[in-house]
Amino acid sequence: MIDYYETKSQPITRKMVWEAYQEVRSKRGGSGVDGMTWNMLDKHLKGHLYKLWNRLSSGSYFPPPVLEVEIAKKDGGLRKLGIPTLLDRIAQQVVRKQLEIQLEPLFHGSSYGYRPNRSAHDAVAQSQRNCFNHDFALDLDIKSYFDTIDHDLMMKALNHYCKDRWILLYVKRWLKADVLRGKERVSRITGTPQGGVISPLLANLFLHVVFDEWMVKHHPEKPFERYADDIIVHCKTEKQAKYMLVKIQERMQACKLQLHPHKTKIVNMRGESDVTYARSYDFLGFTLRPVLRKIKERMILFPGTFVSIRSKTAIRNKFKEWEIHKRRKPLEELARDLNPMIRGLIGYFHMFWNGGMRPVWNQLKHRLLKWVKWEKGLYKYASLRWLKRKYAENPTLFAHWKLVQP
């Protein structure tokens, strides 16, 4: 009989490893430096998990290097991601689950990123509410946050909140794990790589100490929203906004972080100021800006939430990458392929207002028309008539047809 609750020198059971495997497996993800795929792991699953548990529970587990890859950012730069091996993700999940139980109740109510039962929509909705009685906002961007977290300060914060020596042991090892950059193995002296299972929780903990608790202690009257390292702070006046920006810059520098000099800005939503500031800010794919509304014969500025131009551009580029016109298959199969992605976009970007997305869905309509031209060999108007007939037969075939008809 297998004892799934058996432990050794560290309080890690086989059941903990098995549950971590199931959680990580459900999220898929690519291979790390060892090239192991999920199929390869599953073929010898029992042996791999036993070996992993044996090392974790005896304190002899050392993480392999993290594979570094670069992905394009929406602003045109490159973001570095660290891809752990599959077994290392499972090990990180074991520790993360136990650490999250301890940290989650301590985190601030205005922190939303990477937390259970909290979403980006919640953060955006709170940001809009705070704009109703605060005329100014600080749009804060921490330069290369995940790459610049100081390891000593991170461990100091973790030691303050967590007394489990086995968690501290493994977190320190993950922070120090090397990075494989091409064929070069590089030692890491700062940061926790984006892409790691435990990295979001550690990043949240660090800013909980650096920013959230500092705000509660020194500036409790200033509301804010934080989603990972995206932060919005609300102020009543221009003077308050300028003062808070200086104080937050000093706090970040004291904790070995730096605000991005070009992306960090003061935003004037509807207040009086001596200087001209930006009139809107982008937050989690949405733009918050003042709009005129008529209330009892008076025109009043109210904060509104809209899909950002950057998000719309990214969605259009995604449509282009799909190369719909090159897919040689029936329309019904094409709909089955595209609908999960279309529903995901609708579910996220239609939360606050539907109208702003109409030009985006019109472009998808044109790309479907292009597919008809290529697939059926029809001219423009004949393609449009053919697609309209399909819509009449099944108006729900494509998820976006309820918003924009062909």
# chains A, B, ... in the order shown; residues from 1 in each chain; ligands from 1

call {"tool": "residues_around", "arguments": {"residues": "Asp178 in chain A", "least_positions_apart": "4", "cutoff": "7 Å", "atoms": "only C-alpha atoms", "output": "tab-separated table (two decimals) with N, CA and C atoms, in the first residue's frame"}}
result
chain	number	residue	atom	x	y	z
A	65	PRO	N	18.39	25.13	-14.38
A	65	PRO	CA	18.33	26.48	-14.94
A	65	PRO	C	16.97	26.75	-15.61
A	66	VAL	N	16.63	28.02	-15.69
A	66	VAL	CA	15.39	28.46	-16.31
A	66	VAL	C	15.68	28.85	-17.75
A	185	ARG	N	24.89	30.01	-19.95
A	185	ARG	CA	24.29	29.85	-18.63
A	185	ARG	C	24.70	31.04	-17.77
A	186	VAL	N	23.70	31.81	-17.32
A	186	VAL	CA	23.95	33.07	-16.63
A	186	VAL	C	23.43	33.00	-15.20
A	187	SER	N	24.23	33.47	-14.25
A	187	SER	CA	23.79	33.54	-12.86
A	187	SER	C	22.89	34.75	-12.67
A	188	ARG	N	21.83	34.59	-11.88
A	188	ARG	CA	20.90	35.68	-11.65
A	188	ARG	C	21.14	36.24	-10.24

call {"tool": "residues_around", "arguments": {"residues": "Tyr112 in chain A", "least_positions_apart": "5", "cutoff": "12 Å", "atoms": "only C-alpha atoms", "output": "PyMOL selection string"}}
result
chain A and resi 104+107+117-127+200-201+204+207-208+212+224-231+284

call {"tool": "write_last_selection", "arguments": {"atoms": "C-alpha atoms", "output": "short mmCIF file (atom, residue, chain, number, x, y, z; two decimals), in the first residue's frame"}}
result
data_model
loop_
_atom_site.label_atom_id
_atom_site.label_comp_id
_atom_site.auth_asym_id
_atom_site.auth_seq_id
_atom_site.Cartn_x
_atom_site.Cartn_y
_atom_site.Cartn_z
CA GLU A 104 -3.43 35.49 0.90
CA PHE A 107 -2.74 40.98 1.20
CA ASN A 117 -11.48 35.19 -6.81
CA ARG A 118 -10.13 38.54 -7.99
CA SER A 119 -9.97 39.71 -11.58
CA ALA A 120 -8.68 42.51 -13.77
CA HIS A 121 -12.29 43.62 -14.22
CA ASP A 122 -12.58 44.11 -10.45
CA ALA A 123 -9.49 46.34 -10.48
CA VAL A 124 -10.73 48.43 -13.44
CA ALA A 125 -14.20 48.82 -11.88
CA GLN A 126 -12.68 50.06 -8.61
CA SER A 127 -10.41 52.44 -10.53
CA PRO A 200 3.64 35.97 -9.26
CA LEU A 201 3.10 35.20 -5.57
CA ASN A 204 2.89 40.24 -5.00
CA LEU A 207 5.02 44.97 -3.54
CA HIS A 208 2.74 44.22 -0.59
CA ASP A 212 0.64 48.43 -0.16
CA PHE A 224 -5.20 52.89 -5.14
CA GLU A 225 -5.51 49.80 -7.31
CA ARG A 226 -2.65 47.42 -7.94
CA TYR A 227 -2.62 44.53 -10.39
CA ALA A 228 0.85 42.97 -10.03
CA ASP A 229 3.13 45.90 -10.93
CA ASP A 230 0.44 48.03 -12.63
CA ILE A 231 -0.55 50.70 -10.08
CA LEU A 284 -5.30 46.44 -17.90
#

call {"tool": "closest_residue", "arguments": {"among": "A:Lys388, A:Lys294, A:His325, A:Arg28", "to": "Thr85 in chain A", "atoms": "only C-alpha atoms"}}
result
A:Arg28

call {"tool": "closest_residue", "arguments": {"among": "A:Val197, A:Leu103, A:Leu292, A:Met154", "to": "Ile83 in chain A", "atoms": "only C-alpha atoms"}}
result
A:Val197

call {"tool": "residues_around", "arguments": {"residues": "Arg310 in chain A", "least_positions_apart": "3", "cutoff": "12 Å", "atoms": "only C-alpha atoms", "output": "list in words"}}
result
Lys73, Lys74, Asp75, Gly76, Tyr281, Asp282, Phe283, Leu284, Gly285, Phe286, Thr287, Phe306, Val307, Thr313, Ala314, Ile315, Arg316 and Asn317 of chain A

call {"tool": "write_last_selection", "arguments": {"atoms": "N, CA and C atoms", "output": "PDB file, in the first residue's frame"}}
result
ATOM      1  N   LYS A  73       6.238  42.794 -26.732  1.00  0.00           N
ATOM      2  CA  LYS A  73       5.288  43.536 -25.900  1.00  0.00           C
ATOM      3  C   LYS A  73       4.427  44.418 -26.793  1.00  0.00           C
ATOM      4  N   LYS A  74       3.280  44.828 -26.254  1.00  0.00           N
ATOM      5  CA  LYS A  74       2.364  45.661 -27.034  1.00  0.00           C
ATOM      6  C   LYS A  74       2.982  47.005 -27.406  1.00  0.00           C
ATOM      7  N   ASP A  75       3.911  47.498 -26.569  1.00  0.00           N
ATOM      8  CA  ASP A  75       4.511  48.804 -26.848  1.00  0.00           C
ATOM      9  C   ASP A  75       5.710  48.720 -27.777  1.00  0.00           C
ATOM     10  N   GLY A  76       5.971  47.503 -28.290  1.00  0.00           N
ATOM     11  CA  GLY A  76       7.054  47.335 -29.245  1.00  0.00           C
ATOM     12  C   GLY A  76       8.333  46.781 -28.658  1.00  0.00           C
ATOM     13  N   TYR A 281      -5.801  57.493 -18.758  1.00  0.00           N
ATOM     14  CA  TYR A 281      -4.761  56.500 -18.485  1.00  0.00           C
ATOM     15  C   TYR A 281      -5.259  55.118 -18.889  1.00  0.00           C
ATOM     16  N   ASP A 282      -4.316  54.289 -19.312  1.00  0.00           N
ATOM     17  CA  ASP A 282      -4.621  52.908 -19.679  1.00  0.00           C
ATOM     18  C   ASP A 282      -4.362  51.994 -18.490  1.00  0.00           C
ATOM     19  N   PHE A 283      -5.282  51.080 -18.270  1.00  0.00           N
ATOM     20  CA  PHE A 283      -5.157  50.166 -17.132  1.00  0.00           C
ATOM     21  C   PHE A 283      -5.752  48.820 -17.528  1.00  0.00           C
ATOM     22  N   LEU A 284      -4.892  47.821 -17.650  1.00  0.00           N
ATOM     23  CA  LEU A 284      -5.302  46.437 -17.904  1.00  0.00           C
ATOM     24  C   LEU A 284      -6.132  46.293 -19.177  1.00  0.00           C
ATOM     25  N   GLY A 285      -5.711  46.991 -20.226  1.00  0.00           N
ATOM     26  CA  GLY A 285      -6.371  46.862 -21.515  1.00  0.00           C
ATOM     27  C   GLY A 285      -7.494  47.854 -21.745  1.00  0.00           C
ATOM     28  N   PHE A 286      -7.802  48.668 -20.756  1.00  0.00           N
ATOM     29  CA  PHE A 286      -8.879  49.650 -20.872  1.00  0.00           C
ATOM     30  C   PHE A 286      -8.318  51.062 -20.708  1.00  0.00           C
ATOM     31  N   THR A 287      -9.029  52.019 -21.286  1.00  0.00           N
ATOM     32  CA  THR A 287      -8.695  53.438 -21.112  1.00  0.00           C
ATOM     33  C   THR A 287      -9.754  54.088 -20.238  1.00  0.00           C
ATOM     34  N   PHE A 306     -13.278  52.516 -21.403  1.00  0.00           N
ATOM     35  CA  PHE A 306     -13.359  52.103 -22.800  1.00  0.00           C
ATOM     36  C   PHE A 306     -12.204  51.155 -23.121  1.00  0.00           C
ATOM     37  N   VAL A 307     -12.381  50.350 -24.162  1.00  0.00           N
ATOM     38  CA  VAL A 307     -11.287  49.499 -24.620  1.00  0.00           C
ATOM     39  C   VAL A 307     -10.186  50.399 -25.181  1.00  0.00           C
ATOM     40  N   THR A 313      -5.658  47.492 -31.364  1.00  0.00           N
ATOM     41  CA  THR A 313      -4.596  47.203 -32.327  1.00  0.00           C
ATOM     42  C   THR A 313      -4.064  45.786 -32.145  1.00  0.00           C
ATOM     43  N   ALA A 314      -3.890  45.377 -30.889  1.00  0.00           N
ATOM     44  CA  ALA A 314      -3.392  44.026 -30.611  1.00  0.00           C
ATOM     45  C   ALA A 314      -4.386  42.967 -31.093  1.00  0.00           C
ATOM     46  N   ILE A 315      -5.690  43.224 -30.918  1.00  0.00           N
ATOM     47  CA  ILE A 315      -6.699  42.267 -31.371  1.00  0.00           C
ATOM     48  C   ILE A 315      -6.697  42.164 -32.888  1.00  0.00           C
ATOM     49  N   ARG A 316      -6.606  43.298 -33.571  1.00  0.00           N
ATOM     50  CA  ARG A 316      -6.551  43.274 -35.036  1.00  0.00           C
ATOM     51  C   ARG A 316      -5.328  42.504 -35.528  1.00  0.00           C
ATOM     52  N   ASN A 317      -4.197  42.698 -34.853  1.00  0.00           N
ATOM     53  CA  ASN A 317      -2.997  41.944 -35.222  1.00  0.00           C
ATOM     54  C   ASN A 317      -3.192  40.453 -34.991  1.00  0.00           C
TER      55      ASN A 317
END

call {"tool": "residues_around", "arguments": {"residues": "Lys143 in chain A", "least_positions_apart": "6", "cutoff": "6 Å", "atoms": "only C-alpha atoms", "output": "mmCIF file with N, CA and C atoms, in the first residue's frame"}}
result
data_model
loop_
_atom_site.group_PDB
_atom_site.id
_atom_site.type_symbol
_atom_site.label_atom_id
_atom_site.label_comp_id
_atom_site.auth_asym_id
_atom_site.auth_seq_id
_atom_site.Cartn_x
_atom_site.Cartn_y
_atom_site.Cartn_z
ATOM 1 N N GLN A 258 12.722 51.196 -9.547
ATOM 2 C CA GLN A 258 12.729 52.483 -10.237
ATOM 3 C C GLN A 258 11.446 52.637 -11.048
ATOM 4 N N LEU A 259 10.797 53.792 -10.908
ATOM 5 C CA LEU A 259 9.642 54.101 -11.746
ATOM 6 C C LEU A 259 10.116 54.443 -13.156
ATOM 7 N N HIS A 260 9.393 53.950 -14.149
ATOM 8 C CA HIS A 260 9.763 54.239 -15.536
ATOM 9 C C HIS A 260 9.582 55.736 -15.798
#

call {"tool": "closest_residue", "arguments": {"among": "A:Glu70, A:Pro290, A:Leu403, A:Tyr161", "to": "Arg181 in chain A", "atoms": "only C-alpha atoms"}}
result
A:Glu70

call {"tool": "residues_around", "arguments": {"residues": "Leu334 in chain A", "least_positions_apart": "2", "cutoff": "10 Å", "atoms": "only C-alpha atoms", "output": "VMD selection string"}}
result
chain A and resid 324 327 to 332 336 to 339 368 371 397 to 398

call {"tool": "atom_distance", "arguments": {"atom1": "CA of Gly347 in chain A", "atom2": "CA of Pro359 in chain A"}}
result
16.9 Å

call {"tool": "closest_residue", "arguments": {"among": "A:Asp88, A:Asp147, A:Glu184, A:Glu238", "to": "Tyr170 in chain A", "atoms": "only C-alpha atoms"}}
result
A:Asp88
